[in-house]
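Chemist: So I've got this file, coords14.cif, and it contains mmCIF, C-alpha atoms:
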```cif
data_query
#
loop_
_atom_site.label_atom_id
_atom_site.label_comp_id
_atom_site.auth_asym_id
_atom_site.auth_seq_id
_atom_site.Cartn_x
_atom_site.Cartn_y
_atom_site.Cartn_z
CA MET A 8 0.00 0.00 0.00
CA PHE A 9 1.23 3.50 -0.79
CA LYS A 10 -0.22 6.99 -0.56
CA ARG A 11 -1.77 8.28 -3.81
CA PHE A 12 -1.09 12.00 -3.59
CA ARG A 13 -2.37 12.38 -7.15
CA ARG A 14 -5.95 11.75 -6.05
CA LEU A 15 -6.21 15.40 -5.09
CA ARG A 16 -4.26 16.66 -8.12
CA ILE A 17 -6.21 15.15 -11.02
CA ASN A 18 -9.27 17.39 -10.55
CA PRO A 19 -8.38 21.10 -10.88
CA LEU A 20 -11.13 22.00 -8.41
CA PHE A 21 -9.46 19.86 -5.77
CA ARG A 22 -6.15 21.55 -6.55
CA ASP A 23 -7.74 24.93 -5.89
CA LEU A 24 -9.46 23.67 -2.75
CA ILE A 25 -6.31 22.43 -1.03
CA ARG A 26 -3.84 25.07 -2.22
CA GLU A 27 -1.79 26.02 0.83
CA THR A 28 -0.42 29.40 -0.27
CA SER A 29 -2.35 32.17 -1.97
CA LEU A 30 -1.26 35.40 -3.62
CA SER A 31 -3.46 38.48 -3.44
CA VAL A 32 -3.31 42.04 -4.71
CA ASN A 33 -3.46 42.99 -1.02
CA ASP A 34 0.07 41.58 -0.58
CA PHE A 35 1.80 44.14 -2.80
CA ILE A 36 3.64 47.41 -2.31
CA TYR A 37 4.59 49.05 -5.61
CA PRO A 38 7.79 51.18 -5.83
CA LEU A 39 7.63 54.69 -7.29
CA PHE A 40 10.58 56.97 -8.17
CA VAL A 41 9.94 60.69 -8.24
CA VAL A 42 12.13 63.34 -9.90
CA GLU A 43 11.78 67.08 -10.28
CA GLY A 44 10.16 68.74 -13.29
CA ARG A 45 6.89 68.26 -15.11
CA GLY A 46 5.79 65.76 -17.72
CA VAL A 47 8.78 63.54 -16.97
CA LYS A 48 8.35 59.79 -17.48
CA LYS A 49 11.74 58.27 -18.24
CA GLU A 50 11.99 54.51 -18.64
CA ILE A 51 15.07 52.85 -17.13
CA ALA A 52 16.95 50.76 -19.69
CA SER A 53 17.96 48.07 -17.18
CA MET A 54 14.40 47.84 -15.78
CA PRO A 55 11.83 47.77 -18.61
CA GLY A 56 8.49 49.10 -17.41
CA VAL A 57 10.00 51.06 -14.51
CA PHE A 58 10.18 54.85 -14.76
CA GLN A 59 11.51 57.96 -13.13
CA MET A 60 8.48 60.27 -12.97
CA SER A 61 7.74 63.87 -12.06
CA VAL A 62 5.01 64.52 -9.49
CA ASP A 63 2.25 65.00 -12.10
CA GLU A 64 3.13 61.63 -13.67
CA ILE A 65 3.39 60.01 -10.24
CA LEU A 66 -0.22 61.04 -9.60
CA LYS A 67 -1.30 59.37 -12.84
CA GLU A 68 0.60 56.25 -11.81
CA CYS A 69 -1.09 56.25 -8.41
CA ALA A 70 -4.47 56.33 -10.15
CA ALA A 71 -3.45 53.34 -12.28
CA VAL A 72 -2.20 51.45 -9.22
CA ILE A 73 -5.43 52.07 -7.34
CA ASN A 74 -7.46 50.95 -10.37
CA LEU A 75 -5.63 47.61 -10.24
CA GLY A 76 -6.56 47.18 -6.58
CA ILE A 77 -3.06 47.79 -5.22
CA LYS A 78 -3.39 49.63 -1.93
CA ALA A 79 0.21 50.64 -1.13
CA VAL A 80 3.23 52.25 -2.76
CA ILE A 81 6.76 52.91 -1.54
CA LEU A 82 8.20 56.26 -2.54
CA PHE A 83 11.82 57.02 -3.46
CA GLY A 84 12.97 60.59 -4.14
CA ILE A 85 15.66 61.70 -6.59
CA PRO A 86 16.48 65.41 -6.19
CA SER A 87 18.15 67.47 -8.90
CA VAL A 88 20.66 68.92 -6.43
CA LYS A 89 22.67 66.65 -4.12
CA ASP A 90 25.19 67.51 -1.43
CA SER A 91 27.36 65.83 1.19
CA VAL A 92 24.57 65.48 3.81
CA GLY A 93 21.50 65.00 1.61
CA SER A 94 19.92 68.34 2.50
CA ASP A 95 16.94 67.86 0.15
CA ALA A 96 15.78 64.93 2.31
CA LEU A 97 15.67 67.22 5.35
CA SER A 98 13.46 69.91 3.82
CA ASP A 99 9.68 70.32 3.82
CA GLU A 100 10.14 71.58 0.26
CA GLY A 101 12.28 68.63 -0.79
CA ILE A 102 11.21 66.15 -3.45
CA ILE A 103 9.78 63.57 -1.03
CA ALA A 104 7.86 66.09 1.09
CA VAL A 105 6.30 67.80 -1.94
CA THR A 106 5.34 64.46 -3.50
CA LEU A 107 3.87 63.14 -0.27
CA ARG A 108 1.59 66.14 0.05
CA ALA A 109 0.48 65.83 -3.57
CA ILE A 110 -0.33 62.12 -3.30
CA LYS A 111 -2.13 62.36 0.03
CA ASP A 112 -4.13 65.35 -1.17
CA LYS A 113 -5.43 63.49 -4.23
CA PHE A 114 -5.44 59.91 -2.95
CA PRO A 115 -5.89 60.04 0.83
CA ASN A 116 -6.72 56.33 1.04
CA LEU A 117 -3.59 55.13 -0.76
CA LEU A 118 -1.04 53.80 1.74
CA VAL A 119 2.24 55.63 1.13
CA VAL A 120 5.41 54.13 2.56
CA THR A 121 8.53 56.29 2.39
CA ASP A 122 12.03 54.96 1.97
CA LEU A 123 14.22 56.77 4.49
CA CYS A 124 17.85 56.93 3.45
CA PHE A 125 20.43 59.38 2.09
CA CYS A 126 22.02 57.50 -0.82
CA GLU A 127 19.70 59.13 -3.38
CA TYR A 128 20.29 62.59 -1.88
CA THR A 129 24.06 62.70 -1.32
CA ASP A 130 26.68 63.63 -3.89
CA HIS A 131 28.80 60.67 -2.74
CA GLY A 132 25.99 58.08 -2.97
CA HIS A 133 26.49 56.59 0.49
CA CYS A 134 23.69 56.23 3.01
CA GLY A 135 24.59 59.02 5.43
CA ILE A 136 27.28 61.37 6.67
CA LEU A 137 30.75 60.18 5.75
CA ASP A 138 33.43 59.09 8.19
CA HIS A 139 36.42 60.12 6.06
CA VAL A 140 38.96 58.47 8.35
CA HIS A 141 37.51 54.99 7.86
CA GLN A 142 36.01 55.66 4.40
CA THR A 143 32.55 54.59 5.48
CA VAL A 144 29.39 56.12 6.95
CA ASP A 145 29.43 57.69 10.40
CA ASN A 146 26.75 55.64 12.12
CA ASP A 147 25.75 57.98 14.97
CA ALA A 148 25.93 61.21 13.00
CA THR A 149 23.66 59.59 10.43
CA LEU A 150 21.20 58.56 13.14
CA GLU A 151 20.80 62.22 14.08
CA ILE A 152 19.88 63.40 10.58
CA SER A 153 17.78 60.28 10.00
CA ALA A 154 15.54 61.36 12.88
CA ALA A 155 15.15 64.76 11.20
CA GLN A 156 14.31 63.07 7.88
CA ALA A 157 11.69 60.87 9.58
CA LEU A 158 9.93 63.94 10.97
CA VAL A 159 9.82 65.48 7.49
CA HIS A 160 8.13 62.33 6.20
CA ALA A 161 5.74 62.16 9.12
CA LYS A 162 4.67 65.82 8.95
CA ASN A 163 4.02 65.60 5.22
CA GLY A 164 1.76 62.57 5.29
CA ALA A 165 3.74 59.31 5.25
CA ASP A 166 1.68 56.31 6.38
CA MET A 167 4.74 54.20 7.21
CA ILE A 168 8.47 54.90 7.27
CA ALA A 169 11.01 52.39 6.01
CA PRO A 170 14.64 53.21 6.92
CA SER A 171 16.96 51.42 4.50
CA GLY A 172 20.42 52.66 5.48
CA MET A 173 21.34 49.78 7.84
CA MET A 174 22.63 52.03 10.60
CA ASP A 175 22.88 50.36 14.03
CA GLY A 176 20.26 51.81 16.36
CA ILE A 177 18.13 53.33 13.59
CA ILE A 178 14.81 51.89 14.77
CA ALA A 179 15.23 53.04 18.37
CA THR A 180 16.30 56.48 17.13
CA LEU A 181 13.35 56.91 14.79
CA ARG A 182 10.83 55.48 17.25
CA GLY A 183 12.02 57.90 19.89
CA ALA A 184 11.90 60.91 17.55
CA LEU A 185 8.46 60.04 16.21
CA ASP A 186 6.98 59.36 19.64
CA GLU A 187 8.38 62.57 21.12
CA ASN A 188 6.81 64.61 18.32
CA GLY A 189 3.31 63.14 18.44
CA PHE A 190 3.70 60.44 15.79
CA GLU A 191 3.51 57.45 18.13
CA ASN A 192 0.98 55.74 15.82
CA LEU A 193 3.18 55.96 12.71
CA PRO A 194 4.59 52.48 11.99
CA ILE A 195 8.17 51.67 11.00
CA MET A 196 9.05 48.95 8.50
CA ALA A 197 12.66 48.02 9.18
CA TYR A 198 15.00 47.02 6.37
CA SER A 199 16.06 44.70 9.13
CA THR A 200 17.95 42.08 7.10
CA LYS A 201 19.45 43.89 4.12
CA PHE A 202 22.35 42.21 2.40
CA ALA A 203 25.21 43.84 0.47
CA SER A 204 23.91 42.34 -2.75
CA ALA A 205 24.82 42.46 -6.42
CA TYR A 206 21.09 42.14 -7.13
CA TYR A 207 20.68 45.88 -6.46
CA GLY A 208 22.50 46.94 -9.62
CA PRO A 209 19.55 48.17 -11.73
CA PHE A 210 18.05 50.05 -8.75
CA ARG A 211 21.10 52.28 -8.71
CA ASP A 212 20.29 53.24 -12.30
CA VAL A 213 16.74 54.31 -11.48
CA ALA A 214 17.56 55.88 -8.09
CA GLU A 215 20.86 57.40 -9.27
CA SER A 216 22.39 56.18 -6.01
CA ALA A 217 25.58 54.33 -6.90
CA PRO A 218 28.34 55.14 -4.38
CA SER A 219 31.08 57.34 -5.80
CA PHE A 220 33.74 55.25 -4.07
CA GLY A 221 33.93 51.85 -2.42
CA ASP A 222 30.79 49.91 -1.60
CA ARG A 223 28.31 49.42 1.25
CA ARG A 224 29.67 46.24 2.78
CA SER A 225 30.72 48.01 5.98
CA TYR A 226 27.06 48.59 6.85
CA GLN A 227 24.99 46.20 4.74
CA MET A 228 25.10 42.51 5.63
CA ASP A 229 27.42 39.76 4.38
CA SER A 230 25.29 37.53 2.15
CA ALA A 231 26.89 34.42 3.69
CA ASN A 232 25.66 35.13 7.24
CA ARG A 233 22.40 33.42 8.18
CA LEU A 234 22.55 33.69 11.97
CA GLU A 235 23.59 37.34 11.91
CA ALA A 236 20.72 38.05 9.51
CA VAL A 237 18.12 36.76 11.94
CA SER A 238 19.84 38.54 14.85
CA GLU A 239 19.68 41.86 12.96
CA SER A 240 15.94 41.52 12.48
CA LEU A 241 15.24 40.45 16.05
CA GLU A 242 17.24 43.43 17.29
CA ASP A 243 15.09 45.75 15.18
CA GLU A 244 12.00 44.09 16.62
CA ALA A 245 13.32 44.72 20.13
CA GLN A 246 13.91 48.39 19.25
CA GLY A 247 10.29 48.83 18.19
CA ALA A 248 9.96 47.91 14.50
CA ASP A 249 6.43 47.10 13.38
CA VAL A 250 7.34 45.19 10.20
CA LEU A 251 10.57 43.34 9.38
CA MET A 252 12.06 43.02 5.91
CA VAL A 253 14.39 40.66 4.07
CA LYS A 254 16.14 42.19 1.06
CA PRO A 255 16.79 40.77 -1.52
CA ALA A 256 14.21 37.98 -1.53
CA LEU A 257 14.89 35.37 -4.18
CA ALA A 258 18.34 34.19 -3.03
CA TYR A 259 17.35 34.53 0.64
CA LEU A 260 14.20 32.45 0.99
CA ASP A 261 15.90 30.52 3.78
CA ILE A 262 16.24 33.75 5.75
CA ILE A 263 12.57 34.61 5.24
CA ARG A 264 11.58 31.16 6.48
CA GLU A 265 13.89 31.24 9.49
CA LEU A 266 12.74 34.72 10.43
CA ARG A 267 9.11 33.65 10.05
CA GLU A 268 9.75 30.97 12.67
CA ALA A 269 11.47 33.45 15.02
CA THR A 270 8.98 36.33 15.09
CA ARG A 271 5.28 37.12 15.17
CA LEU A 272 5.75 40.44 13.36
CA PRO A 273 4.70 40.83 9.72
CA ILE A 274 7.53 40.11 7.28
CA CYS A 275 8.13 41.95 4.02
CA ALA A 276 10.11 40.46 1.14
CA TYR A 277 11.69 43.02 -1.19
CA ASN A 278 11.71 41.53 -4.70
CA VAL A 279 14.60 43.71 -5.86
CA SER A 280 15.59 45.28 -9.15
CA GLY A 281 18.07 42.60 -10.23
CA GLU A 282 15.51 39.86 -9.68
CA TYR A 283 13.01 41.82 -11.76
CA ALA A 284 15.55 42.56 -14.51
CA LEU A 285 16.56 38.90 -14.81
CA LEU A 286 12.98 37.83 -15.46
CA LYS A 287 12.51 40.64 -17.98
CA ALA A 288 15.71 39.60 -19.76
CA GLY A 289 14.57 35.98 -19.78
CA ALA A 290 11.26 37.02 -21.32
CA LYS A 291 13.01 39.11 -23.99
CA ALA A 292 15.30 36.19 -24.82
CA GLY A 293 12.32 33.86 -25.08
CA VAL A 294 13.78 31.35 -22.63
CA ILE A 295 11.02 31.49 -19.98
CA ASP A 296 7.26 31.74 -19.78
CA TYR A 297 7.46 35.17 -18.15
CA GLU A 298 4.05 35.34 -16.52
CA ARG A 299 4.23 31.85 -15.05
CA VAL A 300 7.77 32.31 -13.73
CA MET A 301 6.86 35.71 -12.26
CA MET A 302 3.80 34.39 -10.43
CA GLU A 303 5.66 31.29 -9.24
CA THR A 304 8.39 33.53 -7.84
CA LEU A 305 5.91 35.75 -5.99
CA VAL A 306 4.09 32.73 -4.55
CA GLY A 307 7.50 31.44 -3.43
CA PHE A 308 7.99 34.54 -1.28
CA LYS A 309 4.63 33.97 0.36
CA ARG A 310 5.28 30.26 0.85
CA ALA A 311 8.60 31.05 2.53
CA GLY A 312 6.74 33.20 5.07
CA ALA A 313 6.42 36.74 3.72
CA ASP A 314 3.22 38.66 4.44
CA ILE A 315 4.07 41.65 2.23
CA ILE A 316 5.92 41.83 -1.09
CA ILE A 317 7.55 44.96 -2.48
CA SER A 318 7.82 44.25 -6.18
CA TYR A 319 8.25 45.99 -9.53
CA HIS A 320 6.09 43.14 -10.88
CA ALA A 321 3.12 44.23 -8.73
CA LYS A 322 1.09 45.89 -11.49
CA GLU A 323 1.56 42.95 -13.87
CA ALA A 324 0.74 40.47 -11.14
CA ALA A 325 -2.38 42.44 -10.20
CA GLU A 326 -3.55 42.31 -13.81
CA ILE A 327 -3.03 38.54 -13.92
CA LEU A 328 -4.88 38.04 -10.65
CA ARG A 329 -7.78 40.12 -11.95
CA ARG A 330 -7.84 38.15 -15.20
CA ASN A 331 -7.84 34.80 -13.44
CA PHE A 332 -10.50 35.63 -10.90
#
```
Translate the structure described by the file into structure tokens.

Modeler:
Amino acid sequence: MFKRFRRLRINPLFRDLIRETSLSVNDFIYPLFVVEGRGVKKEIASMPGVFQMSVDEILKECAAVINLGIKAVILFGIPSVKDSVGSDALSDEGIIAVTLRAIKDKFPNLLVVTDLCFCEYTDHGHCGILDHVHQTVDNDATLEISAAQALVHAKNGADMIAPSGMMDGIIATLRGALDENGFENLPIMAYSTKFASAYYGPFRDVAESAPSFGDRRSYQMDSANRLEAVSESLEDEAQGADVLMVKPALAYLDIIRELREATRLPICAYNVSGEYALLKAGAKAGVIDYERVMMETLVGFKRAGADIIISYHAKEAAEILRRNF
């Protein structure tokens, strides 16, 4: 006698009935990249279908996202003028603040997450104030200006703040600053396990954030370190994070699963630019069934334990989900 697993596979209705993992439009956060100007919608060569957009075009994109049933976006700002400390990110008239006000004025029910970092705003492309002696980022000096940046986001309408710079103590710093200024109900999504990954390459094209020297391995995580990865996220939880993130996702499904077993907090998987670009290249080369591989990948993040998925595929996936249901 042996178990006939196929009994519940032959009939497609049974397959639907016992499916363990589901993917929904409610799972997605869609990334948006805002630049200064008007009428700007510039496609990024390394990321087909992804654009730098001016505020007026961002508003059109938000309308399209909402029409697809996507309820959340994550906003990245790219100012025209950059300096050593990322001053634009600290101004109520900076690119993020202006865009936040415009989105929340027109689409008050769209959940807007803001990426909090300095790499897009600095002329050196690193994630904070430089420590020139050690040729890296000064952790504690960056914490101070990160708190100021968080208050700019909060005052201008952010629904959730997501600090991506991987500074030690960032969650405690932001939680303290937000609470002290009346934003105790504003959640923080920690980039809690963010690896120093080659999968970020195309993002640096769209965000114009490549470092002018060196790399980010002194503050982002070693991709070989599993135990440290989980420890990083649990430390952010202890400091007051509301959501934990693993970035990238595809090569780190083991980390998502292990973190899922270690915490009760929601987990976000960031399906990063290089993962997106690889699938797009595969589709262009005709070597994969793009839609099936894309949906299988997204389901894989959910199966590993993610509750939320940040993905450049979100609009396409939403269209497929609408078509199939």

Chemist: Written as a compact mmCIF listing (two decimals) with C-alpha atoms, in the coordinates of the input, what is the full residue list that the PyMOL selection byres ((chain A and resi 196) around 12) yields on the file shown?

Modeler:
```txt
# COMPACT_ATOMS: atom_id res chain seq x y z
CA ILE A 81 6.76 52.91 -1.54
CA VAL A 120 5.41 54.13 2.56
CA THR A 121 8.53 56.29 2.39
CA ASP A 122 12.03 54.96 1.97
CA LEU A 123 14.22 56.77 4.49
CA ASP A 166 1.68 56.31 6.38
CA MET A 167 4.74 54.20 7.21
CA ILE A 168 8.47 54.90 7.27
CA ALA A 169 11.01 52.39 6.01
CA PRO A 170 14.64 53.21 6.92
CA SER A 171 16.96 51.42 4.50
CA ILE A 177 18.13 53.33 13.59
CA ILE A 178 14.81 51.89 14.77
CA LEU A 181 13.35 56.91 14.79
CA ARG A 182 10.83 55.48 17.25
CA LEU A 193 3.18 55.96 12.71
CA PRO A 194 4.59 52.48 11.99
CA ILE A 195 8.17 51.67 11.00
CA ALA A 197 12.66 48.02 9.18
CA TYR A 198 15.00 47.02 6.37
CA SER A 199 16.06 44.70 9.13
CA THR A 200 17.95 42.08 7.10
CA SER A 240 15.94 41.52 12.48
CA ASP A 243 15.09 45.75 15.18
CA GLU A 244 12.00 44.09 16.62
CA GLN A 246 13.91 48.39 19.25
CA GLY A 247 10.29 48.83 18.19
CA ALA A 248 9.96 47.91 14.50
CA ASP A 249 6.43 47.10 13.38
CA VAL A 250 7.34 45.19 10.20
CA LEU A 251 10.57 43.34 9.38
CA MET A 252 12.06 43.02 5.91
CA VAL A 253 14.39 40.66 4.07
CA LEU A 272 5.75 40.44 13.36
CA PRO A 273 4.70 40.83 9.72
CA ILE A 274 7.53 40.11 7.28
CA CYS A 275 8.13 41.95 4.02
CA ALA A 276 10.11 40.46 1.14
CA TYR A 277 11.69 43.02 -1.19
CA ILE A 315 4.07 41.65 2.23
CA ILE A 317 7.55 44.96 -2.48
```

Chemist: Translate the PyMOL selection byres ((chain A and resi 50-59) around 8), as applied to the file shown, into an explicit residue set as an MDAnalysis selection string.

Modeler: chainID A and resid 39:42 47:49 60:61 209 212:213 280 283:284 287 319

Chemist: Could you tell me which residues the PyMOL selection byres ((chain A and resi 150-158) around 9) grabs in this file, written as number ranges by chain?

Modeler: A: 92, 96-98, 123-125, 135-136, 145-149, 159-163, 168, 170, 174-177, 180-185, 188, 190

Chemist: What is the distance between atom CA of A:Ser31 and atom CA of A:Arg310, in Å to one decimal?

Modeler: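 Between atom CA of A:Ser31 and atom CA of A:Arg310 the gap is 12.7 Å.
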
Chemist: With only C-alpha atoms as the atoms that count, which of A:Gln227, A:Asn74, A:Gln142, A:Ser29 lies nearest to A:Leu117?

Modeler: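 With only C-alpha atoms as the atom set, the closest residue is A:Asn74.
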
Chemist: Kindly extract all protein, DNA and RNA residues lying within 7 Å of the coordinates (27.0, 40.9, 0.0) given in the file, considering only C-alpha atoms, and supply them as an NGL selection string.

Modeler: :A and (202-205 or 224 or 228-230)

Chemist: Using only C-alpha atoms, which residue out of A:Glu187, A:Glu239, A:Asp296, A:Glu64 lies closest to A:Met173?

Modeler: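 Answer, going by the shortest atom-to-atom distance: A:Glu239.
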
Chemist: Taking 4 positions as the minimum chain separation for residues in the same chain, which residues sit within 7 Å of stretch 259-263 of chain A when counting only C-alpha atoms? Answer as a VMD selection string.

Modeler: chain A and resid 233 253 255 267 308 311 to 313

Chemist: With all atoms listed in the file as the counted atoms, please give the residues lying no more than 9 Å from A:Ser87, apart from itself and same-chain residues fewer than 5 positions off, as JSON, numbers by chain.

Modeler: {"A": [42, 43, 102, 128]}

Chemist: Using only C-alpha atoms for the distances, tell me which of A:Leu328, A:Ile36, A:Ile103, A:Ala109 is nearest to A:Lys67.

Modeler: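 Under the stated criterion, the closest residue is A:Ala109.
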